[in-house]
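Notes for the one structure printed next.
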Amino acid sequence: RNGTLKKPLDRAEIHNTGVEVTRLGLGGAPLGGLYTDVGIAAAASTVLKAHELGVRYFDTAPLYGSGRSELAYAEALQHFERDSFVISTKVGRVLVPVDSPPESENFVNLPAMEPVFDFSRDGVLRSLEDSLERLGLDRIDIALIHDLDDNYQQAIGEAYPTLADLRSQGVIGAIGAGMNQWEMLADLA
């Protein structure tokens, strides 16, 4: 368009939110044990290296290792000034303690926590509060509604208005959605 090549570590504002992310971010699913076990120390080391190399956008979710990804980020991000990075997490699942680790096709070495879909206002607030505690942070920059495929009406009717209210209060900076298809995302937009 204007001939300027965009670089992965360049920053870009998310629409008109004031939230600026590096174009390249670090996704937290592998840090939570996606397909292979990754210890907290190795996961935190990955985050530290990414930050050292200039990555300033980090993404996670309660689903990723039933909280393990968020704990790995907590271990690493405590070493940086809070305004030096942007973090997103997701809502739509809350972690419920269970007697033994749940079976998962994707994640290994899970704690005894079961991710349960909950797109209600209370579920969204609980999910964010729990994420903040696991992350050891005072705020989330971006909250994404996660895997709303089978819960679209509740996500639109309860989760989104809750996040919009939090955004208007300045509690979160931006809202989005994350899922494995584009049709609902286009409708949501």
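Here's how to read the names in the structure tokens: chain A, B, ... by the order shown, residue numbers from 1 in each chain, ligand numbers from 1 in the order shown.
Excluding region 123-135 of chain A itself and same-chain residues fewer than 3 positions from it, the residues having an atom within 7 Å of it are A:Pro62, A:Glu70, A:Leu71, A:Tyr73, A:Ala74, A:Val91, A:Gly92, A:Arg93, A:Val94, A:Asp118, A:Phe119, A:Ser120, A:Asp138, A:Arg139, A:Ala159, counting only C-alpha atoms.
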Take the residues from that selection and write them out as an mmCIF file, in the first residue's frame, keeping C-alpha atoms.
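result.cif written:
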```
data_model
loop_
_atom_site.group_PDB
_atom_site.id
_atom_site.type_symbol
_atom_site.label_atom_id
_atom_site.label_comp_id
_atom_site.auth_asym_id
_atom_site.auth_seq_id
_atom_site.Cartn_x
_atom_site.Cartn_y
_atom_site.Cartn_z
ATOM 1 C CA PRO A 62 -7.401 -20.700 31.631
ATOM 2 C CA GLU A 70 -0.998 -18.440 33.206
ATOM 3 C CA LEU A 71 1.253 -19.649 36.032
ATOM 4 C CA TYR A 73 3.554 -16.247 32.524
ATOM 5 C CA ALA A 74 3.350 -15.172 36.171
ATOM 6 C CA VAL A 91 -13.146 -15.931 29.267
ATOM 7 C CA GLY A 92 -15.806 -18.568 28.747
ATOM 8 C CA ARG A 93 -14.313 -21.294 30.912
ATOM 9 C CA VAL A 94 -13.797 -21.404 34.644
ATOM 10 C CA ASP A 118 -19.454 -20.523 31.572
ATOM 11 C CA PHE A 119 -20.317 -17.431 29.532
ATOM 12 C CA SER A 120 -22.526 -15.896 32.231
ATOM 13 C CA ASP A 138 -3.445 -6.189 38.544
ATOM 14 C CA ARG A 139 -5.031 -5.977 35.095
ATOM 15 C CA ALA A 159 -20.197 -12.390 28.213
#
```
* Leaving out Ala41 (chain A) and any residue of its chain fewer than 5 positions from it, which residues lie within 9 Å of it when counting only C-alpha atoms, given as a PyMOL selection string? -> chain A and resi 46+72+75-76
* To do: Would you mind listing what lies within 12 Å of Ala164 (chain A) as number ranges by chain, with only C-alpha atoms counted and same-chain residues fewer than 4 positions away left out?
  => A: 121, 124, 142-145, 156-160, 168-176
* To do: Could you find all residues in region 21-107 of chain A that DSSP calls alpha helix (DSSP H) from the backbone, and write them as a ChimeraX atom specification?
  => /A:40-52,68-77
* Asked: Skipping near chain neighbours, those fewer than 3 positions away, what residues fall within 10 Å of region 10-13 of chain A using only C-alpha atoms, listed as a list in words?
  ->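 That gives Lys6, Lys7, Asn16, Thr17, Gly18, Val19, Glu20, Val21, Thr22, Arg23, Leu24, Gly54, Val55, Arg56 and Tyr57 of chain A.
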Could you write those residues out with all heavy atoms, as a short mmCIF file (atom, residue, chain, number, x, y, z; two decimals), in the first residue's frame?
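Saved as selection00.cif:
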```
data_model
loop_
_atom_site.label_atom_id
_atom_site.label_comp_id
_atom_site.auth_asym_id
_atom_site.auth_seq_id
_atom_site.Cartn_x
_atom_site.Cartn_y
_atom_site.Cartn_z
N LYS A 6 6.13 -3.99 7.02
CA LYS A 6 5.84 -4.08 8.45
C LYS A 6 6.71 -5.19 9.04
O LYS A 6 6.83 -6.27 8.50
CB LYS A 6 4.37 -4.40 8.65
CG LYS A 6 3.45 -3.42 7.95
CD LYS A 6 2.60 -2.68 8.91
CE LYS A 6 1.56 -1.81 8.30
NZ LYS A 6 1.93 -0.73 7.50
N LYS A 7 7.33 -4.90 10.17
CA LYS A 7 8.22 -5.86 10.82
C LYS A 7 7.49 -6.50 12.00
O LYS A 7 6.65 -5.87 12.64
CB LYS A 7 9.48 -5.14 11.27
CG LYS A 7 10.28 -4.60 10.10
CD LYS A 7 11.57 -3.94 10.58
CE LYS A 7 12.35 -3.46 9.39
NZ LYS A 7 12.08 -2.10 9.04
N ASN A 16 -9.21 1.40 17.88
CA ASN A 16 -9.09 2.67 18.59
C ASN A 16 -9.06 2.48 20.09
O ASN A 16 -9.59 3.30 20.84
CB ASN A 16 -10.26 3.60 18.23
CG ASN A 16 -10.27 3.98 16.77
OD1 ASN A 16 -9.21 4.02 16.14
ND2 ASN A 16 -11.43 4.26 16.23
N THR A 17 -8.44 1.41 20.55
CA THR A 17 -8.48 1.07 21.97
C THR A 17 -7.37 1.70 22.79
O THR A 17 -7.46 1.73 24.02
CB THR A 17 -8.38 -0.46 22.15
OG1 THR A 17 -7.11 -0.90 21.65
CG2 THR A 17 -9.51 -1.19 21.44
N GLY A 18 -6.31 2.14 22.15
CA GLY A 18 -5.15 2.61 22.88
C GLY A 18 -4.22 1.48 23.28
O GLY A 18 -3.13 1.71 23.79
N VAL A 19 -4.62 0.23 23.03
CA VAL A 19 -3.79 -0.93 23.33
C VAL A 19 -2.91 -1.20 22.12
O VAL A 19 -3.41 -1.43 21.02
CB VAL A 19 -4.65 -2.18 23.66
CG1 VAL A 19 -3.76 -3.39 23.91
CG2 VAL A 19 -5.56 -1.92 24.84
N GLU A 20 -1.59 -1.15 22.33
CA GLU A 20 -0.64 -1.41 21.26
C GLU A 20 0.09 -2.72 21.52
O GLU A 20 0.60 -2.94 22.62
CB GLU A 20 0.39 -0.29 21.16
CG GLU A 20 -0.16 0.98 20.58
CD GLU A 20 0.93 2.00 20.28
OE1 GLU A 20 2.13 1.72 20.53
OE2 GLU A 20 0.57 3.07 19.78
N VAL A 21 0.13 -3.57 20.51
CA VAL A 21 0.80 -4.86 20.61
C VAL A 21 1.90 -4.95 19.55
O VAL A 21 1.84 -4.29 18.53
CB VAL A 21 -0.20 -6.03 20.41
CG1 VAL A 21 -1.26 -6.04 21.50
CG2 VAL A 21 -0.87 -5.97 19.03
N THR A 22 2.90 -5.77 19.84
CA THR A 22 3.83 -6.10 18.77
C THR A 22 3.07 -6.97 17.79
O THR A 22 2.18 -7.74 18.18
CB THR A 22 5.08 -6.83 19.31
OG1 THR A 22 4.69 -7.91 20.16
CG2 THR A 22 5.99 -5.89 20.08
N ARG A 23 3.39 -6.87 16.52
CA ARG A 23 2.68 -7.66 15.51
C ARG A 23 2.89 -9.15 15.74
O ARG A 23 2.05 -9.96 15.39
CB ARG A 23 3.14 -7.26 14.11
CG ARG A 23 2.73 -5.84 13.78
CD ARG A 23 3.15 -5.42 12.38
NE ARG A 23 2.73 -4.07 12.12
CZ ARG A 23 1.51 -3.71 11.76
NH1 ARG A 23 0.58 -4.61 11.63
NH2 ARG A 23 1.22 -2.45 11.54
N LEU A 24 4.00 -9.51 16.32
CA LEU A 24 4.29 -10.89 16.69
C LEU A 24 4.06 -11.03 18.19
O LEU A 24 4.54 -10.22 18.97
CB LEU A 24 5.75 -11.24 16.37
CG LEU A 24 6.23 -12.62 16.77
CD1 LEU A 24 5.52 -13.69 15.94
CD2 LEU A 24 7.73 -12.72 16.61
N GLY A 54 12.25 -8.79 22.07
CA GLY A 54 11.40 -7.69 21.64
C GLY A 54 9.92 -7.97 21.56
O GLY A 54 9.13 -7.07 21.25
N VAL A 55 9.50 -9.19 21.83
CA VAL A 55 8.07 -9.51 21.82
C VAL A 55 7.45 -8.85 23.04
O VAL A 55 7.96 -8.96 24.16
CB VAL A 55 7.83 -11.04 21.85
CG1 VAL A 55 6.35 -11.36 22.01
CG2 VAL A 55 8.39 -11.69 20.60
N ARG A 56 6.33 -8.15 22.82
CA ARG A 56 5.67 -7.46 23.93
C ARG A 56 4.19 -7.83 24.05
O ARG A 56 3.47 -7.26 24.85
CB ARG A 56 5.79 -5.95 23.78
CG ARG A 56 7.22 -5.44 23.89
CD ARG A 56 7.82 -5.71 25.28
NE ARG A 56 9.13 -5.14 25.44
CZ ARG A 56 10.26 -5.79 25.15
NH1 ARG A 56 10.24 -7.03 24.70
NH2 ARG A 56 11.43 -5.19 25.32
N TYR A 57 3.74 -8.78 23.21
CA TYR A 57 2.35 -9.24 23.31
C TYR A 57 2.34 -10.72 23.66
O TYR A 57 2.98 -11.53 22.98
CB TYR A 57 1.59 -9.00 21.99
CG TYR A 57 0.22 -9.63 21.99
CD1 TYR A 57 -0.66 -9.44 23.06
CD2 TYR A 57 -0.20 -10.42 20.94
CE1 TYR A 57 -1.90 -10.02 23.07
CE2 TYR A 57 -1.46 -11.00 20.94
CZ TYR A 57 -2.31 -10.80 22.01
OH TYR A 57 -3.54 -11.38 22.02
#
```
* Contacts of Ile87 (chain A) within 6 Å, only C-alpha atoms, excl. fewer than 2 positions in-chain, as a list of chain:residue names -> A:Tyr57, A:Phe58, A:Asp59, A:Asp141
* To do: Find the residue from A:Ser45, A:Thr89, A:Asn151, A:Thr36 that sits nearest to Leu77 (chain A); use only C-alpha atoms when measuring.
  =>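 For Leu77 (chain A), the nearest of the given residues is A:Ser45.
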* Asked: With distances taken over only C-alpha atoms, which of A:Asp37, A:Asp122, A:Glu52, A:Asp165 is nearest to Leu110 (chain A)?
  ->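 Nearest candidate to Leu110 (chain A) out of A:Asp37, A:Asp122, A:Glu52, A:Asp165: A:Asp37.
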* To do: Can you work out the spacing between CA of Ala186 (chain A) and CA of Gly25 (chain A) in Å, to one decimal?
  => 22.3 Å
* Which residue gives the smallest distance to Asp147 (chain A) among A:Pro101, A:Ala61, A:Ser66, A:Ala112, with only C-alpha atoms counted? ->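 Nearest candidate to Asp147 (chain A) out of A:Pro101, A:Ala61, A:Ser66, A:Ala112: A:Ala61.
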* One decimal, Å: what's the distance from CA of Pro30 (chain A) over to CA of Pro102 (chain A), could you say? => 17.8 Å
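When only C-alpha atoms are used to measure the gap to Val47 (chain A), the shortest distance among A:Gln78, A:Leu63, A:Gly136, A:Tyr35 belongs to A:Gln78.
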* Asked: Which value, in Å to one decimal, gives the distance between CA of Asp99 (chain A) and CA of Ser69 (chain A)?
  ->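 It comes out at 20.9 Å.
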* Asked: Looking at A:Leu5, A:Leu148, A:Leu95, A:Ala177, which one is nearest to Leu163 (chain A), with distances taken over only C-alpha atoms?
  ->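 Selected residue with least distance to Leu163 (chain A): A:Ala177.
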